[in-house]
file start_3.tsv (TSV, C-alpha atoms)
chain	number	residue	atom	x	y	z
A	15	MET	CA	104.57	106.65	95.06
A	16	LYS	CA	106.44	107.00	98.36
A	17	ILE	CA	109.08	104.29	98.74
A	18	ALA	CA	111.20	103.64	101.83
A	19	VAL	CA	114.64	102.23	101.05
A	20	ASP	CA	116.96	100.58	103.54
A	21	PHE	CA	120.71	101.21	103.22
A	22	ASP	CA	122.83	98.39	104.69
A	23	GLY	CA	122.24	95.12	102.86
A	24	THR	CA	119.93	96.83	100.35
A	25	ILE	CA	121.84	99.62	98.60
A	26	VAL	CA	125.24	98.39	99.78
A	27	GLU	CA	126.55	95.08	101.05
A	28	HIS	CA	126.02	94.70	104.79
A	29	GLU	CA	129.29	95.83	106.42
A	30	TYR	CA	127.79	97.98	109.21
A	31	PRO	CA	129.17	100.20	110.68
A	32	LYS	CA	131.37	100.53	107.58
A	33	ILE	CA	129.77	101.18	104.21
A	34	GLY	CA	129.96	98.07	102.07
A	35	ARG	CA	130.29	97.87	98.30
A	36	GLU	CA	127.31	98.97	96.25
A	37	LEU	CA	124.94	96.19	95.22
A	38	PRO	CA	124.84	95.97	91.42
A	39	PHE	CA	122.66	98.68	89.84
A	40	ALA	CA	121.31	99.94	93.19
A	41	THR	CA	122.05	103.65	92.71
A	42	ASP	CA	121.24	103.52	88.98
A	43	THR	CA	117.84	102.06	89.81
A	44	LEU	CA	117.22	104.59	92.58
A	45	LYS	CA	118.01	107.44	90.16
A	46	MET	CA	115.57	105.95	87.64
A	47	LEU	CA	112.85	105.76	90.30
A	48	ILE	CA	113.48	109.40	91.23
A	49	ALA	CA	113.31	110.34	87.52
A	50	ASP	CA	109.97	108.47	87.38
A	51	GLN	CA	108.72	110.92	90.06
A	52	HIS	CA	108.74	108.53	93.02
A	53	GLN	CA	109.57	110.00	96.43
A	54	LEU	CA	112.33	107.94	98.03
A	55	ILE	CA	112.88	107.95	101.77
A	56	LEU	CA	116.11	106.59	103.19
A	57	TRP	CA	114.99	104.30	106.01
A	58	SER	CA	117.97	103.19	108.05
A	59	CYS	CA	118.88	102.21	111.59
A	60	ARG	CA	121.96	104.39	111.17
A	61	GLU	CA	122.10	107.52	113.31
A	62	GLY	CA	124.42	110.48	113.78
A	63	GLN	CA	127.63	110.48	111.74
A	64	LEU	CA	127.01	106.96	110.42
A	65	LEU	CA	123.72	108.16	108.93
A	66	GLU	CA	125.35	111.31	107.53
A	67	ASP	CA	128.02	109.12	105.92
A	68	ALA	CA	125.34	107.00	104.22
A	69	ILE	CA	123.47	110.10	102.98
A	70	GLU	CA	126.70	111.58	101.61
A	71	TRP	CA	127.66	108.25	99.99
A	72	CYS	CA	124.33	108.26	98.13
A	73	ARG	CA	124.56	111.97	97.28
A	74	LYS	CA	128.00	111.48	95.69
A	75	ARG	CA	126.40	108.89	93.41
A	76	GLY	CA	123.53	111.17	92.40
A	77	VAL	CA	120.85	109.86	94.75
A	78	GLU	CA	119.04	112.58	96.70
A	79	PHE	CA	116.34	111.31	99.03
A	80	TYR	CA	113.02	113.07	99.56
A	81	ALA	CA	113.43	112.51	103.31
A	82	VAL	CA	115.56	110.51	105.74
A	83	ASN	CA	114.03	108.41	108.54
A	84	ARG	CA	110.82	110.49	108.46
A	85	ASP	CA	107.67	110.82	106.35
A	86	TYR	CA	108.53	114.23	104.88
A	87	PRO	CA	111.60	116.49	105.03
A	88	GLU	CA	110.16	119.04	107.46
A	89	GLU	CA	108.84	116.52	109.98
A	90	GLU	CA	110.35	117.15	113.40
A	91	LYS	CA	110.16	114.45	116.02
A	92	GLU	CA	110.18	116.96	118.87
A	93	LYS	CA	107.25	119.00	117.47
A	94	ASN	CA	105.06	116.17	116.19
A	95	ASN	CA	102.90	114.44	118.80
A	96	ASN	CA	101.99	111.82	116.18
A	97	PHE	CA	105.62	111.13	115.22
A	98	SER	CA	106.15	107.43	114.74
A	99	ARG	CA	109.08	105.34	113.56
A	100	LYS	CA	106.52	103.63	111.31
A	101	LEU	CA	106.64	105.38	107.96
A	102	LYS	CA	103.53	106.06	105.92
A	103	VAL	CA	104.79	104.81	102.56
A	104	ASP	CA	103.46	102.73	99.71
A	105	MET	CA	106.37	100.31	99.63
A	106	PHE	CA	109.52	99.26	101.46
A	107	ILE	CA	112.67	98.04	99.71
A	108	ASP	CA	114.61	96.10	102.33
A	109	ASP	CA	116.92	93.08	102.39
A	110	ARG	CA	114.93	91.73	105.34
A	111	ASN	CA	111.87	91.05	103.16
A	112	VAL	CA	110.32	87.62	103.30
A	113	GLY	CA	111.99	85.94	100.35
A	114	GLY	CA	115.00	88.26	100.47
A	115	LEU	CA	115.93	91.15	98.23
A	116	PRO	CA	115.25	90.76	94.50
A	117	ASP	CA	117.95	92.19	92.25
A	118	TRP	CA	117.58	95.88	91.44
A	119	GLY	CA	116.43	95.20	87.87
A	120	GLN	CA	113.57	93.10	89.21
A	121	ILE	CA	112.76	95.76	91.81
A	122	TYR	CA	112.49	98.41	89.09
A	123	HIS	CA	110.32	96.12	86.94
A	124	MET	CA	107.96	95.45	89.86
A	125	ILE	CA	107.55	99.15	90.65
A	126	LYS	CA	107.33	100.44	87.07
A	127	ASP	CA	104.95	97.71	85.88
A	128	GLY	CA	103.00	97.22	89.12
A	129	THR	CA	104.10	93.59	89.29
A	130	SER	CA	104.08	91.75	92.60
A	131	PHE	CA	107.04	89.73	93.82
A	132	GLN	CA	104.89	86.62	93.48
A	133	ASP	CA	104.02	87.47	89.86
A	134	LEU	CA	107.66	88.16	89.08
A	135	MET	CA	108.81	84.85	90.57
A	136	HIS	CA	106.06	83.00	88.68
A	137	GLU	CA	107.14	84.73	85.46
A	138	ILE	CA	110.80	83.77	86.01
A	139	HIS	CA	109.92	80.19	86.96
A	140	SER	CA	107.65	79.81	83.94
A	141	ALA	CA	110.29	81.22	81.60
A	142	LYS	CA	112.82	78.69	82.90
A	143	LYS	CA	110.38	75.86	82.15
A	144	GLY	CA	109.36	77.31	78.77
A	145	ILE	CA	105.74	77.84	79.88
A	146	ASN	CA	103.69	80.59	78.26
A	147	ILE	CA	102.13	82.17	81.35
A	148	GLN	CA	99.52	83.96	79.22
A	149	GLN	CA	98.08	80.59	78.14
A	150	LYS	CA	98.42	78.69	81.41
A	151	LYS	CA	95.39	79.08	83.73
A	152	LYS	CA	95.27	77.95	87.30
A	153	TRP	CA	92.15	76.50	88.92
A	154	TRP	CA	91.89	79.44	91.36
A	155	GLN	CA	91.95	82.12	88.66
A	156	PHE	CA	88.67	83.52	87.38
A	157	GLY	CA	87.93	84.44	83.82

call {"tool": "encode", "arguments": {"input": "start_3.tsv", "output": "structure tokens"}}
result
Amino acid sequence: MKIAVDFDGTIVEHEYPKIGRELPFATDTLKMLIADQHQLILWSCREGQLLEDAIEWCRKRGVEFYAVNRDYPEEEKEKNNNFSRKLKVDMFIDDRNVGGLPDWGQIYHMIKDGTSFQDLMHEIHSAKKGINIQQKKKWWQFG
């Protein structure tokens, strides 16, 4: 799966233009996703030296991205008439999601198990209330 990952506010706390502290388990989770054969694309508004600093920060922690701000490593904006800032990926991990950014353990669970954010939140809510979600059926579910 191709996954675009934001940097500021997602991998690190939002301190732009400085690099904030790492969010708990962010780089560990990214390394696990890479080990699971996912292609990660760093998708950031950073440019120039600020972008290079973010790439190097990740590299020092063992996270090597498949591509940065492009669909594939060789893509060249100047030579591609179809170049678009809109990435062609399967998923975005970004702190600007509706509902905010889940913690990195939840993100990994959703990707590895194919669980939606809605399913994950329902699972967490049900666990807090002691509800067995396997037994509980909703009127809109079939089967």

call {"tool": "closest_residue", "arguments": {"input": "start_3.tsv", "among": "A:Cys59, A:Leu115, A:Ile25, A:Ile121", "to": "Leu47 of chain A", "atoms": "all atoms listed in the file"}}
result
A:Ile121

call {"tool": "closest_atom_pairs", "arguments": {"input": "start_3.tsv", "of": "segment 16-46 of chain A", "to": "segment 55-58 of chain A", "cutoff": "9 Å", "atoms": "all atoms listed in the file", "output": "Markdown table"}}
result
| residue | atom | partner | partner_atom | distance |
| --- | --- | --- | --- | --- |
| A:Lys16 | CA | A:Ile55 | CA | 7.3 |
| A:Ile17 | CA | A:Ile55 | CA | 6.1 |
| A:Ala18 | CA | A:Ile55 | CA | 4.6 |
| A:Val19 | CA | A:Leu56 | CA | 5.1 |
| A:Asp20 | CA | A:Trp57 | CA | 4.9 |
| A:Phe21 | CA | A:Ser58 | CA | 5.9 |
| A:Asp22 | CA | A:Ser58 | CA | 7.6 |

call {"tool": "closest_residue", "arguments": {"input": "start_3.tsv", "among": "A:Val82, A:Glu70, A:Trp118, A:Tyr30", "to": "Lys45 of chain A", "atoms": "all atoms listed in the file"}}
result
A:Trp118

call {"tool": "closest_residue", "arguments": {"input": "start_3.tsv", "among": "A:Ala81, A:Ile125, A:Ile107, A:Val26", "to": "Pro38 of chain A", "atoms": "all atoms listed in the file"}}
result
A:Val26

call {"tool": "atom_distance", "arguments": {"input": "start_3.tsv", "atom1": "atom CA of Gly23 of chain A", "atom2": "atom CA of Gly119 of chain A"}}
result
16.1 Å

call {"tool": "closest_residue", "arguments": {"input": "start_3.tsv", "among": "A:Lys74, A:Leu54, A:Arg110, A:Asn83", "to": "His28 of chain A", "atoms": "all atoms listed in the file"}}
result
A:Arg110

call {"tool": "closest_residue", "arguments": {"input": "start_3.tsv", "among": "A:Glu27, A:Phe79, A:Ser130, A:Gly144", "to": "Met105 of chain A", "atoms": "only C-alpha atoms"}}
result
A:Ser130

call {"tool": "atom_distance", "arguments": {"input": "start_3.tsv", "atom1": "atom CA of Phe131 of chain A", "atom2": "atom CA of Asp104 of chain A"}}
result
14.7 Å

call {"tool": "closest_residue", "arguments": {"input": "start_3.tsv", "among": "A:Lys100, A:Lys126, A:Arg75, A:Arg60", "to": "Lys32 of chain A", "atoms": "only C-alpha atoms"}}
result
A:Arg60

call {"tool": "atom_distance", "arguments": {"input": "start_3.tsv", "atom1": "atom CA of Tyr122 of chain A", "atom2": "atom CA of His139 of chain A"}}
result
18.5 Å

call {"tool": "decode", "arguments": {"input": "start_3.tsv", "residues": "segment 120-143 of chain A", "atoms": "N, CA, C and O atoms", "output": "CSV table (one decimal), in the first residue's frame"}}
result
chain,number,residue,atom,x,y,z
A,120,GLN,N,-2.8,2.9,17.3
A,120,GLN,CA,-4.1,2.8,16.6
A,120,GLN,C,-3.9,2.9,15.1
A,120,GLN,O,-4.5,2.1,14.3
A,121,ILE,N,-3.0,3.7,14.6
A,121,ILE,CA,-2.8,3.9,13.2
A,121,ILE,C,-2.3,2.6,12.6
A,121,ILE,O,-2.7,2.1,11.6
A,122,TYR,N,-1.3,2.0,13.3
A,122,TYR,CA,-0.7,0.7,12.9
A,122,TYR,C,-1.8,-0.4,12.8
A,122,TYR,O,-1.9,-1.1,11.9
A,123,HIS,N,-2.6,-0.5,13.9
A,123,HIS,CA,-3.7,-1.4,13.9
A,123,HIS,C,-4.7,-1.3,12.8
A,123,HIS,O,-5.1,-2.2,12.1
A,124,MET,N,-5.0,0.0,12.4
A,124,MET,CA,-6.0,0.2,11.3
A,124,MET,C,-5.4,-0.3,10.0
A,124,MET,O,-6.0,-0.9,9.2
A,125,ILE,N,-4.1,0.0,9.8
A,125,ILE,CA,-3.5,-0.3,8.5
A,125,ILE,C,-3.2,-1.8,8.4
A,125,ILE,O,-3.6,-2.5,7.5
A,126,LYS,N,-2.7,-2.4,9.5
A,126,LYS,CA,-2.4,-3.9,9.5
A,126,LYS,C,-3.6,-4.7,9.4
A,126,LYS,O,-3.6,-5.7,8.6
A,127,ASP,N,-4.6,-4.3,10.1
A,127,ASP,CA,-5.9,-5.1,10.2
A,127,ASP,C,-7.0,-4.7,9.2
A,127,ASP,O,-8.1,-5.2,9.2
A,128,GLY,N,-6.7,-3.6,8.5
A,128,GLY,CA,-7.7,-3.1,7.6
A,128,GLY,C,-9.0,-2.6,8.3
A,128,GLY,O,-10.1,-2.7,7.8
A,129,THR,N,-8.7,-2.0,9.5
A,129,THR,CA,-9.8,-1.4,10.3
A,129,THR,C,-10.0,0.0,10.0
A,129,THR,O,-9.0,0.8,9.9
A,130,SER,N,-11.2,0.5,9.9
A,130,SER,CA,-11.5,1.9,9.6
A,130,SER,C,-11.4,2.7,11.0
A,130,SER,O,-11.5,2.1,12.0
A,131,PHE,N,-11.2,4.0,10.9
A,131,PHE,CA,-11.2,4.8,12.1
A,131,PHE,C,-12.5,4.7,12.8
A,131,PHE,O,-12.5,4.6,14.0
A,132,GLN,N,-13.6,4.6,12.1
A,132,GLN,CA,-14.9,4.5,12.7
A,132,GLN,C,-15.0,3.1,13.4
A,132,GLN,O,-15.5,3.1,14.6
A,133,ASP,N,-14.6,2.1,12.8
A,133,ASP,CA,-14.6,0.8,13.5
A,133,ASP,C,-13.7,0.8,14.8
A,133,ASP,O,-14.1,0.2,15.8
A,134,LEU,N,-12.5,1.4,14.7
A,134,LEU,CA,-11.6,1.5,15.8
A,134,LEU,C,-12.3,2.2,16.9
A,134,LEU,O,-12.2,1.8,18.1
A,135,MET,N,-12.9,3.4,16.6
A,135,MET,CA,-13.5,4.2,17.7
A,135,MET,C,-14.7,3.4,18.3
A,135,MET,O,-14.9,3.5,19.5
A,136,HIS,N,-15.5,2.7,17.5
A,136,HIS,CA,-16.6,1.9,18.0
A,136,HIS,C,-16.0,0.8,18.9
A,136,HIS,O,-16.6,0.5,20.0
A,137,GLU,N,-14.9,0.2,18.5
A,137,GLU,CA,-14.3,-0.9,19.3
A,137,GLU,C,-13.9,-0.3,20.7
A,137,GLU,O,-14.1,-0.9,21.7
A,138,ILE,N,-13.2,0.8,20.7
A,138,ILE,CA,-12.7,1.5,21.9
A,138,ILE,C,-13.9,1.9,22.8
A,138,ILE,O,-13.9,1.6,24.0
A,139,HIS,N,-14.9,2.5,22.2
A,139,HIS,CA,-16.1,2.9,23.0
A,139,HIS,C,-16.8,1.7,23.6
A,139,HIS,O,-17.2,1.7,24.7
A,140,SER,N,-16.9,0.6,22.8
A,140,SER,CA,-17.6,-0.6,23.3
A,140,SER,C,-16.8,-1.2,24.4
A,140,SER,O,-17.4,-1.7,25.4
A,141,ALA,N,-15.5,-1.2,24.3
A,141,ALA,CA,-14.7,-1.8,25.3
A,141,ALA,C,-14.8,-1.0,26.7
A,141,ALA,O,-14.8,-1.6,27.7
A,142,LYS,N,-14.9,0.3,26.6
A,142,LYS,CA,-15.1,1.1,27.7
A,142,LYS,C,-16.4,0.8,28.4
A,142,LYS,O,-16.5,0.9,29.7
A,143,LYS,N,-17.4,0.5,27.7
A,143,LYS,CA,-18.7,0.2,28.2
A,143,LYS,C,-18.9,-1.3,28.6
A,143,LYS,O,-20.0,-1.7,29.0
